[in-house]
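Chemist: You'll find query05.cif just under this line, and it carries mmCIF, C-alpha atoms.
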```cif
data_model
#
loop_
_atom_site.group_PDB
_atom_site.id
_atom_site.type_symbol
_atom_site.label_atom_id
_atom_site.label_comp_id
_atom_site.auth_asym_id
_atom_site.auth_seq_id
_atom_site.Cartn_x
_atom_site.Cartn_y
_atom_site.Cartn_z
ATOM 1 C CA MET A 1 0.000 0.000 0.000
ATOM 2 C CA GLU A 2 1.252 3.454 -0.899
ATOM 3 C CA LEU A 3 0.769 6.146 1.736
ATOM 4 C CA GLU A 4 -1.584 8.961 0.773
ATOM 5 C CA PHE A 5 -2.323 12.369 2.231
ATOM 6 C CA ARG A 6 -5.482 11.064 3.919
ATOM 7 C CA HIS A 7 -3.401 8.486 5.789
ATOM 8 C CA LEU A 8 -1.396 11.291 7.391
ATOM 9 C CA ARG A 9 -4.619 12.880 8.597
ATOM 10 C CA ILE A 10 -5.635 9.570 10.165
ATOM 11 C CA VAL A 11 -2.362 9.307 12.076
ATOM 12 C CA ILE A 12 -2.670 12.904 13.295
ATOM 13 C CA ALA A 13 -6.314 12.455 14.326
ATOM 14 C CA VAL A 14 -5.548 9.342 16.384
ATOM 15 C CA ALA A 15 -2.655 11.127 18.121
ATOM 16 C CA ASP A 16 -4.671 14.279 18.826
ATOM 17 C CA GLU A 17 -7.707 12.418 20.158
ATOM 18 C CA GLY A 18 -5.701 9.822 22.075
ATOM 19 C CA SER A 19 -8.392 7.267 21.244
ATOM 20 C CA ILE A 20 -9.414 5.197 18.212
ATOM 21 C CA THR A 21 -13.087 5.738 19.063
ATOM 22 C CA ARG A 22 -12.820 9.521 19.343
ATOM 23 C CA ALA A 23 -10.634 9.751 16.223
ATOM 24 C CA ALA A 24 -13.188 7.731 14.236
ATOM 25 C CA ALA A 25 -15.959 10.105 15.331
ATOM 26 C CA ALA A 26 -13.849 13.143 14.428
ATOM 27 C CA LEU A 27 -13.105 11.731 10.966
ATOM 28 C CA GLY A 28 -16.656 10.520 10.328
ATOM 29 C CA LEU A 29 -15.587 6.880 10.119
ATOM 30 C CA SER A 30 -16.677 3.751 11.936
ATOM 31 C CA GLN A 31 -14.293 2.425 14.559
ATOM 32 C CA PRO A 32 -13.683 -0.885 12.703
ATOM 33 C CA SER A 33 -12.929 1.003 9.488
ATOM 34 C CA LEU A 34 -10.449 3.323 11.199
ATOM 35 C CA THR A 35 -8.810 0.415 13.038
ATOM 36 C CA SER A 36 -8.404 -1.459 9.750
ATOM 37 C CA GLN A 37 -6.927 1.571 7.973
ATOM 38 C CA LEU A 38 -4.533 2.252 10.836
ATOM 39 C CA GLN A 39 -3.342 -1.350 10.752
ATOM 40 C CA ARG A 40 -2.660 -1.085 7.000
ATOM 41 C CA ILE A 41 -0.754 2.163 7.570
ATOM 42 C CA GLU A 42 1.373 0.513 10.253
ATOM 43 C CA ARG A 43 2.104 -2.449 7.978
ATOM 44 C CA ALA A 44 3.153 -0.063 5.221
ATOM 45 C CA MET A 45 5.406 1.818 7.661
ATOM 46 C CA GLY A 46 6.893 -1.424 8.970
ATOM 47 C CA ALA A 47 6.358 -0.731 12.688
ATOM 48 C CA PRO A 48 3.582 0.156 15.164
ATOM 49 C CA LEU A 49 2.753 3.840 15.421
ATOM 50 C CA PHE A 50 0.669 3.623 18.615
ATOM 51 C CA GLU A 51 0.545 1.580 21.796
ATOM 52 C CA ARG A 52 -2.305 1.063 24.215
ATOM 53 C CA ALA A 53 -2.418 3.155 27.404
ATOM 54 C CA ARG A 54 -4.790 3.247 30.343
ATOM 55 C CA THR A 55 -6.721 6.146 28.835
ATOM 56 C CA GLY A 56 -6.517 5.188 25.156
ATOM 57 C CA VAL A 57 -3.539 5.099 22.810
ATOM 58 C CA VAL A 58 -0.242 7.014 22.716
ATOM 59 C CA PRO A 59 2.372 7.247 19.947
ATOM 60 C CA THR A 60 5.344 4.896 20.060
ATOM 61 C CA SER A 61 8.844 6.328 19.688
ATOM 62 C CA PHE A 62 8.655 5.588 15.965
ATOM 63 C CA GLY A 63 5.130 6.980 15.890
ATOM 64 C CA ARG A 64 6.291 10.308 17.316
ATOM 65 C CA THR A 65 8.857 10.593 14.524
ATOM 66 C CA VAL A 66 6.222 9.818 11.887
ATOM 67 C CA LEU A 67 3.749 12.173 13.555
ATOM 68 C CA ALA A 68 6.161 15.110 13.487
ATOM 69 C CA LYS A 69 6.781 14.607 9.767
ATOM 70 C CA ALA A 70 3.077 14.077 9.075
ATOM 71 C CA ARG A 71 2.206 17.352 10.764
ATOM 72 C CA SER A 72 4.888 19.114 8.750
ATOM 73 C CA VAL A 73 3.542 17.709 5.476
ATOM 74 C CA VAL A 74 -0.069 18.593 6.329
ATOM 75 C CA ASN A 75 0.911 22.129 7.353
ATOM 76 C CA GLU A 76 2.971 22.601 4.181
ATOM 77 C CA MET A 77 0.057 21.368 2.077
ATOM 78 C CA ALA A 78 -2.267 23.824 3.793
ATOM 79 C CA ASP A 79 0.181 26.641 3.020
ATOM 80 C CA LEU A 80 0.422 25.571 -0.628
ATOM 81 C CA ARG A 81 -3.344 25.464 -0.981
ATOM 82 C CA GLY A 82 -3.586 28.933 0.510
ATOM 83 C CA GLU A 83 -0.975 30.285 -1.903
ATOM 84 C CA ALA A 84 -2.621 28.578 -4.885
ATOM 85 C CA THR A 85 -6.033 30.059 -4.159
ATOM 86 C CA GLY A 86 -4.763 33.381 -2.887
ATOM 87 C CA ALA A 87 -6.878 32.770 0.191
ATOM 88 C CA THR A 88 -6.008 33.808 3.727
ATOM 89 C CA PRO A 89 -6.980 31.336 6.446
ATOM 90 C CA THR A 90 -9.895 32.670 8.432
ATOM 91 C CA GLY A 91 -10.409 29.920 11.004
ATOM 92 C CA PRO A 92 -8.802 30.286 14.420
ATOM 93 C CA VAL A 93 -5.480 28.661 15.256
ATOM 94 C CA GLU A 94 -5.968 26.405 18.275
ATOM 95 C CA LEU A 95 -3.679 26.052 21.276
ATOM 96 C CA LYS A 96 -4.486 23.526 24.027
ATOM 97 C CA ILE A 97 -2.836 24.321 27.364
ATOM 98 C CA GLY A 98 -3.211 22.741 30.777
ATOM 99 C CA GLY A 99 -2.315 23.415 34.386
ATOM 100 C CA ARG A 100 -3.397 22.881 37.979
ATOM 101 C CA PRO A 101 -6.525 24.655 39.261
ATOM 102 C CA SER A 102 -5.150 28.115 40.027
ATOM 103 C CA PRO A 103 -5.362 31.744 38.869
ATOM 104 C CA LEU A 104 -2.386 31.272 36.531
ATOM 105 C CA LEU A 105 -4.025 30.150 33.293
ATOM 106 C CA SER A 106 -6.668 32.890 33.492
ATOM 107 C CA ALA A 107 -3.795 35.399 33.569
ATOM 108 C CA VAL A 108 -1.808 33.639 30.832
ATOM 109 C CA VAL A 109 -4.516 33.185 28.169
ATOM 110 C CA PRO A 110 -5.030 36.891 27.287
ATOM 111 C CA LEU A 111 -1.265 37.380 27.263
ATOM 112 C CA LEU A 112 -0.876 34.481 24.824
ATOM 113 C CA ILE A 113 -3.544 35.869 22.511
ATOM 114 C CA ALA A 114 -1.859 39.288 22.542
ATOM 115 C CA ALA A 115 1.610 37.807 21.977
ATOM 116 C CA TYR A 116 0.355 35.746 19.036
ATOM 117 C CA ALA A 117 -1.285 38.798 17.459
ATOM 118 C CA ASP A 118 1.914 40.840 17.889
ATOM 119 C CA LEU A 119 4.013 38.110 16.269
ATOM 120 C CA HIS A 120 1.757 37.369 13.293
ATOM 121 C CA GLY A 121 0.109 40.700 12.586
ATOM 122 C CA PRO A 122 -3.505 41.751 12.010
ATOM 123 C CA ASP A 123 -4.027 39.579 8.907
ATOM 124 C CA ALA A 124 -3.244 36.291 10.682
ATOM 125 C CA PRO A 125 -6.089 34.049 11.848
ATOM 126 C CA PRO A 126 -6.918 34.581 15.538
ATOM 127 C CA LEU A 127 -5.583 32.329 18.274
ATOM 128 C CA SER A 128 -8.147 30.220 20.126
ATOM 129 C CA VAL A 129 -6.916 28.870 23.466
ATOM 130 C CA GLN A 130 -8.483 25.783 25.046
ATOM 131 C CA VAL A 131 -7.773 25.232 28.746
ATOM 132 C CA HIS A 132 -7.692 21.985 30.722
ATOM 133 C CA THR A 133 -7.046 21.901 34.486
ATOM 134 C CA ASP A 134 -6.100 18.924 36.625
ATOM 135 C CA PRO A 135 -4.634 18.841 40.156
ATOM 136 C CA SER A 136 -2.360 15.962 39.101
ATOM 137 C CA ALA A 137 0.936 16.981 37.492
ATOM 138 C CA ALA A 138 1.374 13.389 36.299
ATOM 139 C CA ALA A 139 -1.976 13.446 34.500
ATOM 140 C CA LEU A 140 -1.129 16.759 32.815
ATOM 141 C CA GLN A 141 2.259 15.484 31.680
ATOM 142 C CA GLY A 142 0.549 12.363 30.334
ATOM 143 C CA ARG A 143 -1.794 14.496 28.238
ATOM 144 C CA VAL A 144 1.181 16.399 26.803
ATOM 145 C CA ARG A 145 2.959 13.125 26.012
ATOM 146 C CA ALA A 146 -0.159 11.781 24.292
ATOM 147 C CA GLY A 147 -0.560 14.955 22.217
ATOM 148 C CA ARG A 148 -3.849 15.901 23.865
ATOM 149 C CA LEU A 149 -2.307 19.131 25.159
ATOM 150 C CA ASP A 150 0.170 21.358 23.320
ATOM 151 C CA ALA A 151 1.667 22.422 26.636
ATOM 152 C CA ALA A 152 1.029 22.345 30.370
ATOM 153 C CA VAL A 153 2.299 24.167 33.434
ATOM 154 C CA LEU A 154 3.343 21.446 35.882
ATOM 155 C CA CYS A 155 3.608 21.914 39.648
ATOM 156 C CA ASP A 156 6.063 19.475 41.242
ATOM 157 C CA VAL A 157 6.385 19.319 45.031
ATOM 158 C CA ILE A 158 10.121 19.477 45.728
ATOM 159 C CA GLY A 159 11.154 16.122 47.154
ATOM 160 C CA PHE A 160 8.041 14.446 45.695
ATOM 161 C CA GLU A 161 8.673 15.023 41.982
ATOM 162 C CA ILE A 162 6.749 12.978 39.415
ATOM 163 C CA GLY A 163 9.752 12.581 37.098
ATOM 164 C CA GLY A 164 9.926 13.183 33.377
ATOM 165 C CA ALA A 165 8.183 11.445 30.486
ATOM 166 C CA GLU A 166 9.719 10.278 27.227
ATOM 167 C CA GLY A 167 9.523 12.935 24.533
ATOM 168 C CA VAL A 168 8.291 15.679 26.887
ATOM 169 C CA ARG A 169 10.508 18.713 27.320
ATOM 170 C CA ARG A 170 10.323 20.882 30.421
ATOM 171 C CA GLU A 171 11.564 24.399 31.157
ATOM 172 C CA LEU A 172 11.611 26.219 34.486
ATOM 173 C CA VAL A 173 8.883 28.779 35.197
ATOM 174 C CA VAL A 174 9.347 29.317 38.959
ATOM 175 C CA GLU A 175 12.276 27.666 40.728
ATOM 176 C CA VAL A 176 10.734 27.784 44.215
ATOM 177 C CA GLU A 177 7.132 28.502 45.162
ATOM 178 C CA PRO A 178 6.147 28.098 48.832
ATOM 179 C CA GLU A 179 2.947 26.529 50.067
ATOM 180 C CA PHE A 180 1.014 28.889 52.355
ATOM 181 C CA VAL A 181 -1.729 27.894 54.791
ATOM 182 C CA ALA A 182 -5.403 28.927 54.547
ATOM 183 C CA LEU A 183 -7.280 29.757 57.751
ATOM 184 C CA SER A 184 -10.572 31.260 58.816
ATOM 185 C CA GLN A 185 -10.289 34.980 59.476
ATOM 186 C CA HIS A 186 -11.507 34.190 62.998
ATOM 187 C CA HIS A 187 -8.766 31.631 63.617
ATOM 188 C CA ARG A 188 -6.608 32.232 66.695
ATOM 189 C CA LEU A 189 -3.518 32.602 64.441
ATOM 190 C CA ALA A 190 -5.096 34.733 61.723
ATOM 191 C CA GLU A 191 -3.450 37.949 62.920
ATOM 192 C CA ARG A 192 0.057 36.569 62.535
ATOM 193 C CA ASP A 193 2.103 37.510 59.479
ATOM 194 C CA VAL A 194 3.886 34.126 59.460
ATOM 195 C CA ILE A 195 2.669 30.891 61.059
ATOM 196 C CA ASP A 196 4.766 28.093 62.548
ATOM 197 C CA LEU A 197 3.534 24.738 61.283
ATOM 198 C CA ALA A 198 3.986 23.287 64.795
ATOM 199 C CA ASP A 199 1.282 25.671 66.055
ATOM 200 C CA LEU A 200 -1.226 23.848 63.817
ATOM 201 C CA ALA A 201 -0.638 20.448 65.424
ATOM 202 C CA GLU A 202 -4.149 20.272 66.914
ATOM 203 C CA GLU A 203 -5.989 21.362 63.778
ATOM 204 C CA ASN A 204 -8.120 19.345 61.381
ATOM 205 C CA TRP A 205 -6.546 19.339 57.921
ATOM 206 C CA MET A 206 -8.113 19.212 54.478
ATOM 207 C CA ILE A 207 -6.434 17.788 51.364
ATOM 208 C CA ASP A 208 -7.401 17.353 47.710
ATOM 209 C CA PRO A 209 -7.434 13.578 47.073
ATOM 210 C CA GLN A 210 -6.874 14.099 43.332
ATOM 211 C CA GLU A 211 -3.471 15.709 43.769
ATOM 212 C CA ASP A 212 -0.363 13.634 43.142
ATOM 213 C CA HIS A 213 0.360 11.528 46.248
ATOM 214 C CA GLY A 214 -3.236 12.369 47.273
ATOM 215 C CA GLY A 215 -1.887 15.652 48.646
ATOM 216 C CA ILE A 216 -0.934 13.700 51.760
ATOM 217 C CA GLY A 217 2.745 12.859 51.294
ATOM 218 C CA PRO A 218 4.285 16.349 51.423
ATOM 219 C CA LEU A 219 1.942 17.472 54.217
ATOM 220 C CA ARG A 220 2.676 14.437 56.367
ATOM 221 C CA ALA A 221 6.435 14.758 55.856
ATOM 222 C CA ALA A 222 6.412 18.441 56.826
ATOM 223 C CA CYS A 223 4.201 17.894 59.866
ATOM 224 C CA ARG A 224 6.301 14.975 61.088
ATOM 225 C CA ALA A 225 9.407 17.156 60.794
ATOM 226 C CA ALA A 226 7.543 19.701 62.958
ATOM 227 C CA GLY A 227 6.861 17.029 65.567
ATOM 228 C CA PHE A 228 3.294 15.893 64.943
ATOM 229 C CA GLU A 229 1.084 13.731 62.757
ATOM 230 C CA PRO A 230 -1.502 15.767 60.804
ATOM 231 C CA ARG A 231 -5.134 14.940 61.541
ATOM 232 C CA ILE A 232 -6.570 14.723 58.005
ATOM 233 C CA THR A 233 -10.339 14.785 58.383
ATOM 234 C CA HIS A 234 -11.484 16.319 55.088
ATOM 235 C CA GLU A 235 -10.803 15.142 51.521
ATOM 236 C CA ILE A 236 -12.415 17.654 49.173
ATOM 237 C CA SER A 237 -11.725 18.356 45.491
ATOM 238 C CA ASP A 238 -14.082 21.211 44.573
ATOM 239 C CA SER A 239 -12.864 24.649 45.577
ATOM 240 C CA SER A 240 -16.209 26.102 46.683
ATOM 241 C CA SER A 241 -16.817 23.365 49.273
ATOM 242 C CA ALA A 242 -13.191 23.512 50.389
ATOM 243 C CA ARG A 243 -13.382 27.250 50.971
ATOM 244 C CA GLU A 244 -16.546 26.960 53.043
ATOM 245 C CA PHE A 245 -15.044 24.375 55.357
ATOM 246 C CA VAL A 246 -12.013 26.604 55.963
ATOM 247 C CA ILE A 247 -13.832 29.910 56.502
ATOM 248 C CA THR A 248 -16.218 28.250 58.962
ATOM 249 C CA GLY A 249 -13.224 27.133 60.994
ATOM 250 C CA GLN A 250 -13.756 23.402 60.572
ATOM 251 C CA CYS A 251 -10.279 22.802 59.151
ATOM 252 C CA VAL A 252 -7.154 24.397 57.702
ATOM 253 C CA SER A 253 -5.453 23.595 54.410
ATOM 254 C CA LEU A 254 -2.398 24.279 52.329
ATOM 255 C CA ALA A 255 -2.881 27.071 49.805
ATOM 256 C CA GLN A 256 -1.121 28.559 46.816
ATOM 257 C CA PRO A 257 0.664 31.825 47.649
ATOM 258 C CA THR A 258 -1.189 33.564 44.794
ATOM 259 C CA SER A 259 -4.548 32.812 46.461
ATOM 260 C CA ASN A 260 -6.851 35.745 47.168
ATOM 261 C CA GLU A 261 -7.725 36.556 50.754
ATOM 262 C CA GLY A 262 -11.080 37.941 51.815
ATOM 263 C CA ARG A 263 -14.661 36.802 52.388
ATOM 264 C CA GLY A 264 -13.711 35.092 55.620
ATOM 265 C CA LEU A 265 -10.395 33.580 54.453
ATOM 266 C CA VAL A 266 -6.780 34.481 55.217
ATOM 267 C CA VAL A 267 -3.710 32.923 53.568
ATOM 268 C CA ARG A 268 -0.401 33.081 55.433
ATOM 269 C CA PRO A 269 3.193 31.914 54.834
ATOM 270 C CA LEU A 270 4.675 29.130 56.962
ATOM 271 C CA VAL A 271 7.895 29.579 58.920
ATOM 272 C CA GLY A 272 10.800 28.100 56.966
ATOM 273 C CA ASP A 273 8.685 27.149 53.916
ATOM 274 C CA PRO A 274 8.414 23.450 54.837
ATOM 275 C CA ILE A 275 6.569 22.589 51.596
ATOM 276 C CA ARG A 276 7.900 24.036 48.376
ATOM 277 C CA ASN A 277 6.967 23.621 44.716
ATOM 278 C CA ARG A 278 8.712 23.966 41.376
ATOM 279 C CA LEU A 279 6.706 25.145 38.349
ATOM 280 C CA GLU A 280 7.755 24.038 34.857
ATOM 281 C CA LEU A 281 6.348 24.380 31.354
ATOM 282 C CA ALA A 282 6.043 21.025 29.567
ATOM 283 C CA TRP A 283 5.592 20.504 25.827
ATOM 284 C CA LYS A 284 6.416 17.900 23.185
ATOM 285 C CA ASP A 285 5.786 19.049 19.618
ATOM 286 C CA LEU A 286 6.039 22.568 18.279
ATOM 287 C CA GLY A 287 2.581 24.098 18.507
ATOM 288 C CA PRO A 288 1.122 27.313 17.121
ATOM 289 C CA ILE A 289 3.281 29.379 19.499
ATOM 290 C CA ASP A 290 7.054 29.035 19.770
ATOM 291 C CA PRO A 291 7.951 27.362 23.114
ATOM 292 C CA GLY A 292 10.264 30.260 24.003
ATOM 293 C CA VAL A 293 7.466 32.785 23.540
ATOM 294 C CA LEU A 294 5.073 30.499 25.423
ATOM 295 C CA LEU A 295 7.517 30.184 28.331
ATOM 296 C CA ASP A 296 8.081 33.947 28.529
ATOM 297 C CA THR A 297 4.325 34.521 28.538
ATOM 298 C CA VAL A 298 3.695 31.997 31.320
ATOM 299 C CA VAL A 299 6.460 33.569 33.413
ATOM 300 C CA GLU A 300 4.948 37.024 32.816
ATOM 301 C CA GLY A 301 1.522 35.732 33.796
ATOM 302 C CA TYR A 302 2.845 34.270 37.039
ATOM 303 C CA HIS A 303 4.677 37.465 37.958
ATOM 304 C CA SER A 304 1.439 39.413 37.481
ATOM 305 C CA LEU A 305 -0.156 37.309 40.252
ATOM 306 C CA VAL A 306 2.499 37.749 42.929
ATOM 307 C CA ALA A 307 0.779 40.812 44.402
ATOM 308 C CA ARG A 308 -2.639 39.116 44.746
ATOM 309 C CA ASN A 309 -1.787 38.001 48.269
ATOM 310 C CA PRO A 310 -0.400 40.812 50.477
ATOM 311 C CA HIS A 311 2.148 38.477 52.095
ATOM 312 C CA TYR A 312 3.637 37.079 48.892
ATOM 313 C CA PRO A 313 5.477 40.145 47.465
ATOM 314 C CA LYS A 314 7.775 40.324 50.521
ATOM 315 C CA TRP A 315 8.558 36.607 50.291
ATOM 316 C CA TRP A 316 9.125 36.920 46.542
ATOM 317 C CA ALA A 317 11.481 39.872 46.928
ATOM 318 C CA GLU A 318 13.535 38.016 49.528
ATOM 319 C CA HIS A 319 13.829 34.786 47.554
ATOM 320 C CA HIS A 320 13.833 35.921 43.904
ATOM 321 C CA ALA A 321 15.883 39.116 44.087
#
```
Could you write out this structure as structure tokens?
Modeler:
Amino acid sequence: MELEFRHLRIVIAVADEGSITRAAAALGLSQPSLTSQLQRIERAMGAPLFERARTGVVPTSFGRTVLAKARSVVNEMADLRGEATGATPTGPVELKIGGRPSPLLSAVVPLLIAAYADLHGPDAPPLSVQVHTDPSAAALQGRVRAGRLDAAVLCDVIGFEIGGAEGVRRELVVEVEPEFVALSQHHRLAERDVIDLADLAEENWMIDPQEDHGGIGPLRAACRAAGFEPRITHEISDSSSAREFVITGQCVSLAQPTSNEGRGLVVRPLVGDPIRNRLELAWKDLGPIDPGVLLDTVVEGYHSLVARNPHYPKWWAEHHA
């Protein structure tokens, strides 16, 4: 069988969807038909292009090489068609980016759209940004590896890192980000500028069970170093419920330093920063925005959030001077 242009589109669709079923629906084919065509393509190429994963399929090492060349050919063909017809693309250019639930992506998206417009000029098609959040850095990295995200901002707890993934490149966004603690504004320690973790030994703690390590590992290690075992009584994933439990004084929790205070909640630094994160930008293939520009934009977006919490600018100035 000789490879045709439509075969390249099949390979790209399967990689982008991460699933034979979803790719078949996107291409308007039946699943058996797509499976059969993909098998013929792999026989013609002489090696498997995809392997099964827990959530679907992911490209093999050989498949990633083929995929990169297939994307290049498809993009070149699109350019040639545009030149031949004298047409200017009018549809939006899509970028899929992920990150943990936080204020960061909401700050980054408008900056990305502006940066893309500055780079490509007023006649270029607009940039459409799709956002996916997940509290698990491992899950986000997996989506990047599978081609389901163009890029993701990963948060690794220092000392509890998830490790890299084959084919995924990572660049530093923030070398050290401390975990703060969230308390009710009526808490006995709420007036302090900095809180000693040991003073929270008798508190109920809340964690997000969907975080890597269930959110428990880093907290337990820090509390044990402070001389106590944390009493974890609440496992809550949605932010609205979590906030209500904290502001009503039923528990305390770790919090991002860019979190907003107010409406019954205070967010304070911990003495000695016992739990620290590292933020990195992960990507695999070149997307619609150059990775260097994307990295600079994410860094700019993060810096714009430092002043959201009144206690973070001082910490930032002391540690990132």
Chemist: Give me the residues near range 33-35 of chain A as a list in words, where near means some atom within 12 Å (using only C-alpha atoms) and where sequence neighbours in that chain fewer than 5 positions away do not count.
Modeler: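 Contacts, with the query itself left out: Arg6, His7, Arg9, Ile10, Val11, Ala13, Val14, Ser19, Ile20, Thr21, Arg22, Ala23, Ala24, Ala25, Ala26, Leu27, Gly28, Arg40, Ile41, Glu42 and Phe50 of chain A.
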Chemist: Take the residues just selected and output them with C-alpha atoms as a PDB file, in the frame of the given file.
Modeler:
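Generated output (out_6.pdb):
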```
ATOM      1  CA  ARG A   6      -5.482  11.064   3.919  1.00  0.00           C
ATOM      2  CA  HIS A   7      -3.401   8.486   5.789  1.00  0.00           C
ATOM      3  CA  ARG A   9      -4.619  12.880   8.597  1.00  0.00           C
ATOM      4  CA  ILE A  10      -5.635   9.570  10.165  1.00  0.00           C
ATOM      5  CA  VAL A  11      -2.362   9.307  12.076  1.00  0.00           C
ATOM      6  CA  ALA A  13      -6.314  12.455  14.326  1.00  0.00           C
ATOM      7  CA  VAL A  14      -5.548   9.342  16.384  1.00  0.00           C
ATOM      8  CA  SER A  19      -8.392   7.267  21.244  1.00  0.00           C
ATOM      9  CA  ILE A  20      -9.414   5.197  18.212  1.00  0.00           C
ATOM     10  CA  THR A  21     -13.087   5.738  19.063  1.00  0.00           C
ATOM     11  CA  ARG A  22     -12.820   9.521  19.343  1.00  0.00           C
ATOM     12  CA  ALA A  23     -10.634   9.751  16.223  1.00  0.00           C
ATOM     13  CA  ALA A  24     -13.188   7.731  14.236  1.00  0.00           C
ATOM     14  CA  ALA A  25     -15.959  10.105  15.331  1.00  0.00           C
ATOM     15  CA  ALA A  26     -13.849  13.143  14.428  1.00  0.00           C
ATOM     16  CA  LEU A  27     -13.105  11.731  10.966  1.00  0.00           C
ATOM     17  CA  GLY A  28     -16.656  10.520  10.328  1.00  0.00           C
ATOM     18  CA  ARG A  40      -2.660  -1.085   7.000  1.00  0.00           C
ATOM     19  CA  ILE A  41      -0.754   2.163   7.570  1.00  0.00           C
ATOM     20  CA  GLU A  42       1.373   0.513  10.253  1.00  0.00           C
ATOM     21  CA  PHE A  50       0.669   3.623  18.615  1.00  0.00           C
TER      22      PHE A  50
END
```
Chemist: So what do you get for CA of Gln256 in chain A versus CA of Ala190 in chain A, distance-wise?
Modeler: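 CA of Gln256 in chain A sits 16.6 Å away from CA of Ala190 in chain A.
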Chemist: Given the file shown, enumerate the residues that the PyMOL selection byres ((chain A and resi 102-108) around 7) captures and present them as an NGL selection string.
Modeler: :A and (100-101 or 109-112 or 297-298 or 301-302)
Chemist: Quick check on the file I pasted: which residues fall under the PyMOL selection byres ((chain A and resi 152) around 8)? Write them as an MDAnalysis selection string.
Modeler: chainID A and resid 97:99 140:141 144 149:151 153:154 281:283
Chemist: Of the residues A:Cys155, A:Ala68, A:Ala44, A:Val176, which is the one nearest to Glu318 in chain A, using only C-alpha atoms?
Modeler: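 For Glu318 in chain A, the nearest of the candidates is A:Val176.
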Chemist: For CA of Gln39 in chain A and CA of Arg148 in chain A, quote the distance in Å rounded to one decimal.
Modeler: 21.7 Å
Chemist: Record the distance separating CA of Gly142 in chain A and CA of Ala165 in chain A, expressed in Å with one decimal.
Modeler: 7.7 Å
Chemist: Env of Ile275 in chain A: 7 Å cut, atoms = only C-alpha atoms, seq-sep filter 4 positions within chain, self excluded. Answer as an NGL selection string.
Modeler: :A and (178-179 or 218 or 222)
Chemist: Quick one: everything within 9 Å of Asn260 in chain A, counting only C-alpha atoms, minus sequence neighbours fewer than 4 positions away in the same chain. Send it as a list in words.
Modeler: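 That gives Leu265, Val266, Val267, Arg308, Asn309 and Pro310 of chain A.
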Chemist: Using all atoms listed in the file, can you tell me which of A:Leu183, A:Ala15, A:Val57, A:Val293 comes closest to Tyr116 in chain A?
Modeler: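 Between A:Leu183, A:Ala15, A:Val57, A:Val293, the residue approaching Tyr116 in chain A most closely is A:Val293.
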Chemist: At a cut-off of 9 Å, using only C-alpha atoms, what residues contact Arg71 in chain A? Leave out same-chain residues fewer than 5 positions from it and give the result as a list in words.
Modeler: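 After dropping sequence-adjacent residues, the list is Leu8, Arg9, Ile12, Val66 and Glu76 of chain A.
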Chemist: Excluding Pro92 in chain A and any residue of its chain fewer than 4 positions from it, enumerate the residues within 7 Å of it, using only C-alpha atoms, and give them as a compact mmCIF listing (two decimals) with C-alpha atoms, keeping the file's coordinate frame.
Modeler:
```txt
# COMPACT_ATOMS: atom_id res chain seq x y z
CA PRO A 125 -6.09 34.05 11.85
CA PRO A 126 -6.92 34.58 15.54
CA LEU A 127 -5.58 32.33 18.27
CA SER A 128 -8.15 30.22 20.13
```
Chemist: Could you give me, as a ChimeraX atom specification, the residues that sit within 10 Å of (-16.8, 28.3, 59.6) in the file's coordinates, counting all atoms listed in the file?
Modeler: /A:183-187,243-251,264-265
Chemist: Evaluate the PyMOL selection byres ((chain A and resi 65) around 12) against this structure - the residues, as a ChimeraX atom specification, please.
Modeler: /A:11-12,45,47-50,59-64,66-72,167,284-285
Chemist: Choose the residue, out of A:Glu191, A:Glu177, A:Glu300, A:Glu261, that has the smallest atom-to-atom separation from Pro274 in chain A; count only C-alpha atoms.
Modeler: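 Among the listed residues, the smallest separation from Pro274 in chain A belongs to A:Glu177.
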Chemist: Choose the residue, out of A:Ala182, A:Val157, A:Leu294, A:Leu305, that has the smallest atom-to-atom separation from Arg276 in chain A; count only C-alpha atoms.
Modeler: A:Val157
Chemist: Given the choices A:Pro257, A:Gly227, A:Gly147, A:Pro122, which gets closest to His303 in chain A if the distance is worked out from only C-alpha atoms?
Modeler: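 Of all the options, A:Pro257 lies closest to His303 in chain A.
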Chemist: Reconstruct N, CA, C and O atoms of range 98-102 of chain A; output as a compact mmCIF listing (two decimals), in the coordinates of the input.
Modeler:
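rebuild.txt, written as the output of this step:
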```
# COMPACT_ATOMS: atom_id res chain seq x y z
N GLY A 98 -2.69 23.26 29.52
CA GLY A 98 -3.21 22.74 30.78
C GLY A 98 -2.43 23.27 31.97
O GLY A 98 -1.36 23.86 31.84
N GLY A 99 -2.97 23.03 33.14
CA GLY A 99 -2.32 23.42 34.39
C GLY A 99 -3.16 23.00 35.58
O GLY A 99 -4.28 22.51 35.43
N ARG A 100 -2.64 23.19 36.76
CA ARG A 100 -3.40 22.88 37.98
C ARG A 100 -4.50 23.92 38.17
O ARG A 100 -4.41 25.03 37.61
N PRO A 101 -5.53 23.63 38.95
CA PRO A 101 -6.52 24.66 39.26
C PRO A 101 -5.86 25.80 40.03
O PRO A 101 -5.33 25.61 41.12
N SER A 102 -5.83 26.96 39.44
CA SER A 102 -5.15 28.12 40.03
C SER A 102 -5.50 29.34 39.20
O SER A 102 -6.09 29.23 38.12
```
